[in-house]
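S.K.: Take this structure, written in structure tokens, and hold onto it; I'll ask about it next.
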Amino acid sequence: MTDRQMAQKQQAGEFAATLITDGMIVGLGTGSTVRFFIEALADRINSEGLDITGVTTSNKTSSLAKSWGIKLASVDEVSKIDLTIDGADEVDHQLNGIKGGGAALLFEKIVALNSAKNIWIIDESKYHDVIGQFPLPVEVVPYGSHQLLQRFLAADMQPTFRRTMTGERVTTDAGNYIIDLHLDRIAYPKSLAYFLEQTVGVVEHGLFLDTVDEVIIGGNQPTLISNT
Ligand code: 5RP
């Protein structure tokens, strides 16, 4: 990652923290960009005495938010989430996104769908005409996952099990595996989403379509793109 990308992540995360107001229930995404947001939000909570409840999207984010003293509730304990701030791996000009680079796509999608508003924070390198350069994460049930991989292989989707540094299959917070599809270019995201949703053994996929309301691209003056 370049210094410019890292700086833009920080700018986007810090800008997003300025959008939070007292009393909000806030969805807390996962990843390195969200880390900047959480740190800036914790600063505001402490310095301004804001009453904020966070709803997290991964065990990692729960640990981070707790370490900053942010009050947390589960998605099932709140009546609504006012605003979720999350990162994304790739976003196209219609604001279709790929998420799940941090293996948190399932909980991220659950929190997003239960949020009145969703904002993604990204650096400019992730904003493309067409998504698909980033491998599409698909969360699958372990039982039968080898067969599923063969089916994706037969469909020419270049699938690989995501593995840890030590070679084991990555396990999500829900106990599933991740298969990454190396598609290069997703010309018809809706058709692909439909296909994956019809595939037995697939728990969730990383295509987030018609989900986000605004995208913030970091910069000295962050760019705000609205889904209107
Ligand atoms: C995790 C995600 C992240 O939001 C996405 O991977 C972006 O991460 P980062 O901010 O570290 O680039 O979808 O599952």
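By order in the structure tokens, chains are A, B, ...; within a chain, residues start at 1; ligands start at 1, following the order shown.
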Segment 52-147 of chain A near segment 156-168 of chain A within 12 Å: what's each residue's closest atom pair and its distance in Å to one decimal, counting only C-alpha atoms, ordered by chain then ascending residue number, as CSV?
M.R.:
```
residue,atom,partner,partner_atom,distance
A:Gly100,CA,A:Arg162,CA,11.2
A:Gly101,CA,A:Arg162,CA,10.0
A:Gly102,CA,A:Arg162,CA,10.7
A:Ala103,CA,A:Arg162,CA,9.1
A:Gly132,CA,A:Met157,CA,11.2
A:Pro135,CA,A:Pro159,CA,8.9
A:Leu136,CA,A:Pro159,CA,9.2
A:Pro137,CA,A:Arg162,CA,8.7
A:Val138,CA,A:Pro159,CA,9.5
A:Glu139,CA,A:Phe161,CA,10.0
A:Val140,CA,A:Phe161,CA,10.0
A:Pro142,CA,A:Phe161,CA,10.8
A:Ser145,CA,A:Phe161,CA,9.2
A:His146,CA,A:Phe161,CA,9.1
A:Gln147,CA,A:Pro159,CA,11.7
```
S.K.: Could you take the residues named above and write them with N, CA and C atoms, as a PDB file, in the first residue's frame?
M.R.:
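The file below, again_24.pdb, is the result:
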```pdb
ATOM      1  N   GLY A 100     -15.341  -7.763   1.712  1.00  0.00           N
ATOM      2  CA  GLY A 100     -15.008  -9.075   2.263  1.00  0.00           C
ATOM      3  C   GLY A 100     -13.520  -9.368   2.246  1.00  0.00           C
ATOM      4  N   GLY A 101     -12.727  -8.356   1.894  1.00  0.00           N
ATOM      5  CA  GLY A 101     -11.271  -8.540   1.928  1.00  0.00           C
ATOM      6  C   GLY A 101     -10.784  -8.909   3.320  1.00  0.00           C
ATOM      7  N   GLY A 102     -11.553  -8.513   4.324  1.00  0.00           N
ATOM      8  CA  GLY A 102     -11.205  -8.859   5.709  1.00  0.00           C
ATOM      9  C   GLY A 102     -12.020 -10.039   6.213  1.00  0.00           C
ATOM     10  N   ALA A 103     -12.676 -10.745   5.290  1.00  0.00           N
ATOM     11  CA  ALA A 103     -13.458 -11.963   5.607  1.00  0.00           C
ATOM     12  C   ALA A 103     -14.675 -11.669   6.492  1.00  0.00           C
ATOM     13  N   GLY A 132     -14.316  -6.038 -10.121  1.00  0.00           N
ATOM     14  CA  GLY A 132     -13.904  -7.402 -10.447  1.00  0.00           C
ATOM     15  C   GLY A 132     -12.400  -7.595 -10.402  1.00  0.00           C
ATOM     16  N   PRO A 135     -10.474  -9.826  -6.130  1.00  0.00           N
ATOM     17  CA  PRO A 135     -11.128 -11.145  -6.113  1.00  0.00           C
ATOM     18  C   PRO A 135     -12.406 -11.107  -5.272  1.00  0.00           C
ATOM     19  N   LEU A 136     -13.472 -11.679  -5.816  1.00  0.00           N
ATOM     20  CA  LEU A 136     -14.772 -11.622  -5.137  1.00  0.00           C
ATOM     21  C   LEU A 136     -14.851 -12.700  -4.049  1.00  0.00           C
ATOM     22  N   PRO A 137     -14.973 -12.269  -2.786  1.00  0.00           N
ATOM     23  CA  PRO A 137     -15.063 -13.252  -1.706  1.00  0.00           C
ATOM     24  C   PRO A 137     -16.449 -13.887  -1.642  1.00  0.00           C
ATOM     25  N   VAL A 138     -16.464 -15.205  -1.469  1.00  0.00           N
ATOM     26  CA  VAL A 138     -17.723 -15.927  -1.304  1.00  0.00           C
ATOM     27  C   VAL A 138     -17.583 -16.761  -0.026  1.00  0.00           C
ATOM     28  N   GLU A 139     -18.494 -16.533   0.925  1.00  0.00           N
ATOM     29  CA  GLU A 139     -18.431 -17.278   2.189  1.00  0.00           C
ATOM     30  C   GLU A 139     -19.235 -18.558   2.015  1.00  0.00           C
ATOM     31  N   VAL A 140     -18.599 -19.691   2.311  1.00  0.00           N
ATOM     32  CA  VAL A 140     -19.251 -20.988   2.049  1.00  0.00           C
ATOM     33  C   VAL A 140     -19.216 -21.868   3.291  1.00  0.00           C
ATOM     34  N   PRO A 142     -18.356 -25.051   5.312  1.00  0.00           N
ATOM     35  CA  PRO A 142     -17.238 -25.983   5.112  1.00  0.00           C
ATOM     36  C   PRO A 142     -17.660 -27.319   4.489  1.00  0.00           C
ATOM     37  N   SER A 145     -17.500 -27.911   0.672  1.00  0.00           N
ATOM     38  CA  SER A 145     -16.849 -26.741   0.058  1.00  0.00           C
ATOM     39  C   SER A 145     -15.863 -27.132  -1.047  1.00  0.00           C
ATOM     40  N   HIS A 146     -15.292 -28.343  -0.942  1.00  0.00           N
ATOM     41  CA  HIS A 146     -14.392 -28.789  -2.009  1.00  0.00           C
ATOM     42  C   HIS A 146     -15.194 -28.982  -3.305  1.00  0.00           C
ATOM     43  N   GLN A 147     -16.401 -29.557  -3.165  1.00  0.00           N
ATOM     44  CA  GLN A 147     -17.260 -29.754  -4.350  1.00  0.00           C
ATOM     45  C   GLN A 147     -17.658 -28.413  -4.958  1.00  0.00           C
TER      46      GLN A 147
END
```
S.K.: List all protein, DNA and RNA residues that have at least one atom no more than 7 Å from any atom of ligand 1, counting only C-alpha atoms and all ligand atoms, and write them as a PyMOL selection string.
M.R.: chain A and resi 29-34+86-89+99-105+122
S.K.: Can you write out the residues you just picked, keeping N, CA and C atoms, as an mmCIF file, in the first residue's frame?
M.R.:
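What follows is the written file again_37.cif:
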```cif
data_model
loop_
_atom_site.group_PDB
_atom_site.id
_atom_site.type_symbol
_atom_site.label_atom_id
_atom_site.label_comp_id
_atom_site.auth_asym_id
_atom_site.auth_seq_id
_atom_site.Cartn_x
_atom_site.Cartn_y
_atom_site.Cartn_z
ATOM 1 N N GLY A 29 -17.823 -0.850 10.687
ATOM 2 C CA GLY A 29 -17.330 -1.809 9.706
ATOM 3 C C GLY A 29 -16.026 -2.457 10.146
ATOM 4 N N THR A 30 -15.345 -3.028 9.183
ATOM 5 C CA THR A 30 -14.110 -3.782 9.471
ATOM 6 C C THR A 30 -13.019 -3.350 8.500
ATOM 7 N N GLY A 31 -11.776 -3.304 8.992
ATOM 8 C CA GLY A 31 -10.657 -3.054 8.089
ATOM 9 C C GLY A 31 -9.796 -1.884 8.530
ATOM 10 N N SER A 32 -8.752 -1.635 7.726
ATOM 11 C CA SER A 32 -7.763 -0.624 8.116
ATOM 12 C C SER A 32 -8.304 0.795 7.982
ATOM 13 N N THR A 33 -9.242 1.024 7.058
ATOM 14 C CA THR A 33 -9.812 2.374 6.909
ATOM 15 C C THR A 33 -10.752 2.657 8.081
ATOM 16 N N VAL A 34 -11.539 1.654 8.417
ATOM 17 C CA VAL A 34 -12.468 1.787 9.547
ATOM 18 C C VAL A 34 -11.706 2.013 10.852
ATOM 19 N N ASP A 86 -18.350 1.861 6.815
ATOM 20 C CA ASP A 86 -17.569 0.659 6.517
ATOM 21 C C ASP A 86 -16.589 0.967 5.391
ATOM 22 N N GLY A 87 -15.620 0.111 5.228
ATOM 23 C CA GLY A 87 -14.705 0.221 4.093
ATOM 24 C C GLY A 87 -15.267 -0.575 2.922
ATOM 25 N N ALA A 88 -14.509 -0.630 1.847
ATOM 26 C CA ALA A 88 -14.873 -1.461 0.692
ATOM 27 C C ALA A 88 -13.584 -1.799 -0.041
ATOM 28 N N ASP A 89 -13.625 -2.874 -0.816
ATOM 29 C CA ASP A 89 -12.430 -3.279 -1.557
ATOM 30 C C ASP A 89 -12.405 -2.704 -2.965
ATOM 31 N N LYS A 99 -16.930 -6.314 -1.199
ATOM 32 C CA LYS A 99 -16.435 -6.266 0.166
ATOM 33 C C LYS A 99 -16.090 -7.687 0.614
ATOM 34 N N GLY A 100 -15.341 -7.763 1.712
ATOM 35 C CA GLY A 100 -15.008 -9.075 2.263
ATOM 36 C C GLY A 100 -13.520 -9.368 2.246
ATOM 37 N N GLY A 101 -12.727 -8.356 1.894
ATOM 38 C CA GLY A 101 -11.271 -8.540 1.928
ATOM 39 C C GLY A 101 -10.784 -8.909 3.320
ATOM 40 N N GLY A 102 -11.553 -8.513 4.324
ATOM 41 C CA GLY A 102 -11.205 -8.859 5.709
ATOM 42 C C GLY A 102 -12.020 -10.039 6.213
ATOM 43 N N ALA A 103 -12.676 -10.745 5.290
ATOM 44 C CA ALA A 103 -13.458 -11.963 5.607
ATOM 45 C C ALA A 103 -14.675 -11.669 6.492
ATOM 46 N N ALA A 104 -15.128 -10.404 6.520
ATOM 47 C CA ALA A 104 -16.240 -10.052 7.421
ATOM 48 C C ALA A 104 -17.533 -9.777 6.651
ATOM 49 N N LEU A 105 -17.591 -10.229 5.387
ATOM 50 C CA LEU A 105 -18.708 -9.820 4.525
ATOM 51 C C LEU A 105 -20.078 -10.194 5.049
ATOM 52 N N ILE A 122 -13.167 5.016 1.443
ATOM 53 C CA ILE A 122 -12.165 4.330 0.606
ATOM 54 C C ILE A 122 -11.066 5.321 0.193
#
```
S.K.: Measuring between only C-alpha atoms, which one of A:Asn118, A:Thr171, A:Asn96, A:Gln133 shows the shortest distance to Lys190 of chain A?
M.R.: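 The closest residue to Lys190 of chain A is A:Asn96.
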S.K.: Check the smallest atom-to-atom distance from each of A:Ser191, A:Asn114, A:Thr2, A:Ser63 to Val75 of chain A using only C-alpha atoms, then report the winner.
M.R.: A:Asn114
S.K.: Can you measure atom CA of Gly69 of chain A to atom CA of Glu39 of chain A for me? One decimal in Å is fine.
M.R.: 10.4 Å
S.K.: Per DSSP on the backbone, filter chain A down to the residues in alpha helix (DSSP H) and report them as a ChimeraX atom specification.
M.R.: /A:3-17,32-48,59-67,105-113,145-154,189-197
S.K.: From the DSSP assignment of the backbone, select every residue of segment 4-122 of chain A that is strand (DSSP E or B), and format the answer as a tab-separated table (two decimals) with C-alpha atoms, in the first residue's frame.
M.R.:
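Okay, this is what ended up in part.tsv:
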```
chain	number	residue	atom	x	y	z
A	25	ILE	CA	-26.40	3.94	17.00
A	26	VAL	CA	-23.50	3.46	14.62
A	27	GLY	CA	-22.56	0.40	12.59
A	28	LEU	CA	-18.81	-0.13	12.78
A	53	THR	CA	-23.57	2.88	20.71
A	54	GLY	CA	-21.57	0.83	18.22
A	55	VAL	CA	-22.78	-2.29	16.41
A	56	THR	CA	-19.77	-4.16	15.13
A	71	LYS	CA	-20.14	1.15	24.13
A	72	LEU	CA	-21.34	-1.80	22.02
A	81	ILE	CA	-28.84	1.38	13.28
A	83	LEU	CA	-25.60	5.02	10.19
A	84	THR	CA	-22.98	2.42	9.30
A	85	ILE	CA	-19.48	3.42	8.29
A	86	ASP	CA	-17.57	0.66	6.52
A	90	GLU	CA	-13.68	-1.93	-4.88
A	91	VAL	CA	-16.48	0.42	-5.91
A	92	ASP	CA	-17.83	1.21	-9.39
A	97	GLY	CA	-19.14	-2.69	-4.35
A	98	ILE	CA	-17.01	-5.68	-3.52
A	115	SER	CA	-28.93	0.40	8.79
A	118	ASN	CA	-24.60	3.29	4.79
A	119	ILE	CA	-21.41	5.17	4.00
A	120	TRP	CA	-18.23	3.57	2.66
A	121	ILE	CA	-14.82	5.13	3.18
A	122	ILE	CA	-12.17	4.33	0.61
```
S.K.: From the list A:Ser226, A:Val141, A:Arg44, A:Phe195, which residue is nearest Ala17 of chain A when using only C-alpha atoms?
M.R.: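 Comparing A:Ser226, A:Val141, A:Arg44, A:Phe195 against Ala17 of chain A, the winner is A:Arg44.
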S.K.: Distance atom CA of Ile225 of chain A-atom CA of Leu95 of chain A, one decimal place?
M.R.: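 Result for atom CA of Ile225 of chain A versus atom CA of Leu95 of chain A: 8.6 Å, one decimal.
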S.K.: For atom CA of Gly13 of chain A and atom CA of His182 of chain A, determine how far apart the two atoms are, in Å to one decimal place.
M.R.: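 If I compute the distance from atom CA of Gly13 of chain A to atom CA of His182 of chain A, I get 28.3 Å.
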